[in-house]
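Here is the structure we will look at, set down as structure tokens.
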Amino acid sequence: MKNKLLLIALLFIVGGLSNVNAQHKAIAGKVTSFKLSFAPGASKGPVTGRMFLVVSYSDTIEPRLQVGRYGTQFFGVDVTKLQPSQPVTIDASTLGYPINKMKDIPPGDYYVQAVLSKYTEFKRSDGHTLWMHMDEWEGQKWETSPGNIYGKVMKISINKTAGQVVKLTADKVIPPIPPLPDTKWVKHIKIQSEKLTKFWGHPIYIGATILLPKGYDEHPEKYYPTVYEEGHFSTAPPFRFKESPDNAFYKDWTSDGFPAFIAITLQHPSPYFDDSYAVNTPNNGPYGDAIHEELIPEIEKKIRCIKEGWARLLTGGSTGGWESFALQVLHPDFYGGTWSYSPDPLDFHNVEGINVYEDKNAFYKIHEWYKVPTINTRFPLTGDPRLTSEQRNTMEVVNGTLGRSGGQLDIWSSVFGPVGADGYFKPLFDKTTGDMDPSVAKYWIDNWDMHIYLEKNWATVGPKLVGKLNVIAGRMDDFFLNFGVYHMEDFLSKTQNPYYGGTVSYGDRGGHSYRNYTSGELIKVMDAYLKKMHPDKYK
């Protein structure tokens, strides 16, 4: 609770375009409601999407840019075919985060801003029509997505003595993101996926950022092993490479004698999240096929990668930790080894605090005479709670209904869960009450629990995975993801015929960002691994 109160104290921040754009004329009085609209000319026609009101204490950064898991206060309302100048009401009945009710906002000075997030109509090949946010290569962030509309920042002063209605207009359109230029070291590829476009009934793009090794241009006859760094959407080069002598990885990568690899990050946002999780699912579509049958072949046609499974290695953290592990397991011949950091739940006994196997409610641990809030996030150094499961899920609901939040719990439900009757994913639990759906829990476990998958299929896939699985986690992971690693390690350590032959290692006090190697050290570990496992091919 101490942290929740601290969070609430911080989260009525103000932030607007900047001091230049903020309207500093204060409106005083008790605010009973806000009327938000978008200006004529900001959209070619009516808008279906979600209107946001953002409230903050500071205007050094725009309010919309302060929204986040631990960010400033905001409210959201769905809109359908909203016309220019047509008002949208946000009032006492509107759910907010982190403070849920407008009446509970303390008296004081605030900065407010309106943002309208536009949805796209998707007529999917499975017969369902969905309205969702189309990623515009920003990584599913409504705050900065091209085409979304935002307004100026207004300063208001709230007290409890008088009533009023505050009117805000969104009139500025976020511009498109320009393509990044290629350099000597970094190349970019972006393609329209035929498979995903067919599934979604709308053009869907996937891409890659490619980091070339030293000597690539000077040796046109040479082909190189590849390391795929999986993770959240980013167009930045792998391993935080920057063309600067002050960048540690640049120094390693460009130094004489450093192992010559091609390093690649992939971009594959879905309408549900900034990352598809790189697998085929009923809700997101055939992203696994699109990546392996369209994107990687295009990369290997244009870039001199060794086109053999032993030479394709994987790594990544968090989302990328799960992806790198799952891709190695599900495609044991296509990839040659993984080093997976702090992976999302490899086993569903602890999914950010929720036990999918046993819990009856996602918000509380229910005991015979009492119930205790389920903790979603903790401070790794002290173990103190940072967010409850209910708070985390409320934040997602405020970001978007019907699983359209672009949040972590929603993407897991869209990847691991079945399609619901309305075409959106069928949720694991009710986001209002927390009540679990046992049928969806069973679907998760039967289809996507990596521990269960390996247990059932070890006789078939085990011989193809010997030495390839390496998992690294902090024992104080912020989101309790270390527990999934524990369950996976329990299984792997007992494997026979064959023994898995990989590694599982921990940082005793490490949080979610724990790493046991620098990026340069990891590449050297991979280099030594290939020399050991494939001495006849890799010299």
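All residue names refer to the structure tokens as shown: chains lettered A, B, ... in order, residues numbered from 1 in each chain, ligands numbered from 1 in order.
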- Query: So which residues touch Met102 of chain A within 8 Å, counting only C-alpha atoms, skipping near sequence neighbours fewer than 5 positions away, as a ChimeraX atom specification?
  - Reply: /A:91-92,94,96
Keeping only C-alpha atoms, write the selected residues as a PDB file, in the first residue's frame.
ATOM      1  CA  ASP A  91     -16.859  12.471 -15.875  1.00  0.00           C
ATOM      2  CA  ALA A  92     -17.416  10.783 -12.526  1.00  0.00           C
ATOM      3  CA  THR A  94     -15.351   7.204 -16.330  1.00  0.00           C
ATOM      4  CA  GLY A  96      -9.226   6.146 -14.746  1.00  0.00           C
TER       5      GLY A  96
END
- Message: From a backbone DSSP assignment, name each residue in segment 186-318 of chain A labelled helix (DSSP H, G or I), as a PyMOL selection string.
- Response: chain A and resi 194-200+238-240+248-253+287-302+309-311
- Can you pull out every residue within 12 Å of Tyr538 of chain A, counting only C-alpha atoms, but drop anything in the same chain fewer than 6 positions away, and send it as a PyMOL selection string? chain A and resi 223-225+259-261+306+308+310-311+526-532
- Item | Residue with smallest distance to Phe334 of chain A - pool A:Ile206, A:Val356, A:Leu130, A:Leu313, counting only C-alpha atoms | A:Leu313
- Message: DSSP on the backbone: which residues in segment 173-310 of chain A end up as strand (DSSP E)? Give the answer as a PyMOL selection string.
- Response: chain A and resi 173+186-192+205-211+226-230+262-267+280-281+285-286
Do you have, as JSON lines, the list of residues of segment 196-270 of chain A lying at most 12 Å from segment 162-182 of chain A, each with its nearest atom pair and that distance in Å to one decimal, counting only C-alpha atoms and ordered by chain then number?
{"residue": "A:Gly207", "atom": "CA", "partner": "A:Pro179", "partner_atom": "CA", "distance": 11.7}
{"residue": "A:Ala208", "atom": "CA", "partner": "A:Leu180", "partner_atom": "CA", "distance": 11.6}
{"residue": "A:Thr209", "atom": "CA", "partner": "A:Asp182", "partner_atom": "CA", "distance": 9.5}
{"residue": "A:Ile210", "atom": "CA", "partner": "A:Asp182", "partner_atom": "CA", "distance": 9.5}
{"residue": "A:Leu211", "atom": "CA", "partner": "A:Asp182", "partner_atom": "CA", "distance": 10.2}
{"residue": "A:Leu212", "atom": "CA", "partner": "A:Asp182", "partner_atom": "CA", "distance": 11.2}
{"residue": "A:Ser234", "atom": "CA", "partner": "A:Leu180", "partner_atom": "CA", "distance": 11.7}
{"residue": "A:Thr235", "atom": "CA", "partner": "A:Leu180", "partner_atom": "CA", "distance": 8.2}
{"residue": "A:Ala236", "atom": "CA", "partner": "A:Leu180", "partner_atom": "CA", "distance": 9.3}
{"residue": "A:Pro237", "atom": "CA", "partner": "A:Asp182", "partner_atom": "CA", "distance": 10.9}
- Check the smallest atom-to-atom distance from each of A:Ser85, A:Thr129, A:Thr281, A:Asn361 to Gly41 of chain A using only C-alpha atoms, then report the winner. A:Ser85
- Skip Leu454 of chain A itself and residues of its chain fewer than 5 positions away, then list as a list in words all residues within 10 Å of it, counting only C-alpha atoms.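 Result of the neighbour search: Val329, Leu330, Asp449, Ala459, Thr460, Val461, Gly462, Met488, Phe491, Leu492 and Thr495 of chain A.
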Can you pull out the residues contacting Gly423 of chain A? Cut-off 10 Å, using only C-alpha atoms, and skip same-chain residues under 3 positions away; I want them as an mmCIF file with C-alpha atoms, in the first residue's frame.
data_model
loop_
_atom_site.group_PDB
_atom_site.id
_atom_site.type_symbol
_atom_site.label_atom_id
_atom_site.label_comp_id
_atom_site.auth_asym_id
_atom_site.auth_seq_id
_atom_site.Cartn_x
_atom_site.Cartn_y
_atom_site.Cartn_z
ATOM 1 C CA ARG A 124 -10.262 -10.989 -40.873
ATOM 2 C CA ASP A 126 -11.784 -16.077 -40.043
ATOM 3 C CA GLY A 127 -14.995 -14.122 -40.646
ATOM 4 C CA HIS A 128 -14.666 -11.705 -37.716
ATOM 5 C CA THR A 129 -14.592 -7.926 -38.103
ATOM 6 C CA LEU A 130 -12.530 -6.115 -35.477
ATOM 7 C CA PRO A 282 -5.760 -17.812 -33.823
ATOM 8 C CA ASN A 283 -5.955 -14.212 -32.575
ATOM 9 C CA LEU A 402 -11.736 -5.742 -25.606
ATOM 10 C CA PRO A 418 -8.613 -18.833 -28.003
ATOM 11 C CA VAL A 419 -10.767 -16.504 -30.105
ATOM 12 C CA GLY A 420 -13.936 -15.316 -28.375
ATOM 13 C CA LYS A 426 -11.435 -14.875 -25.044
#
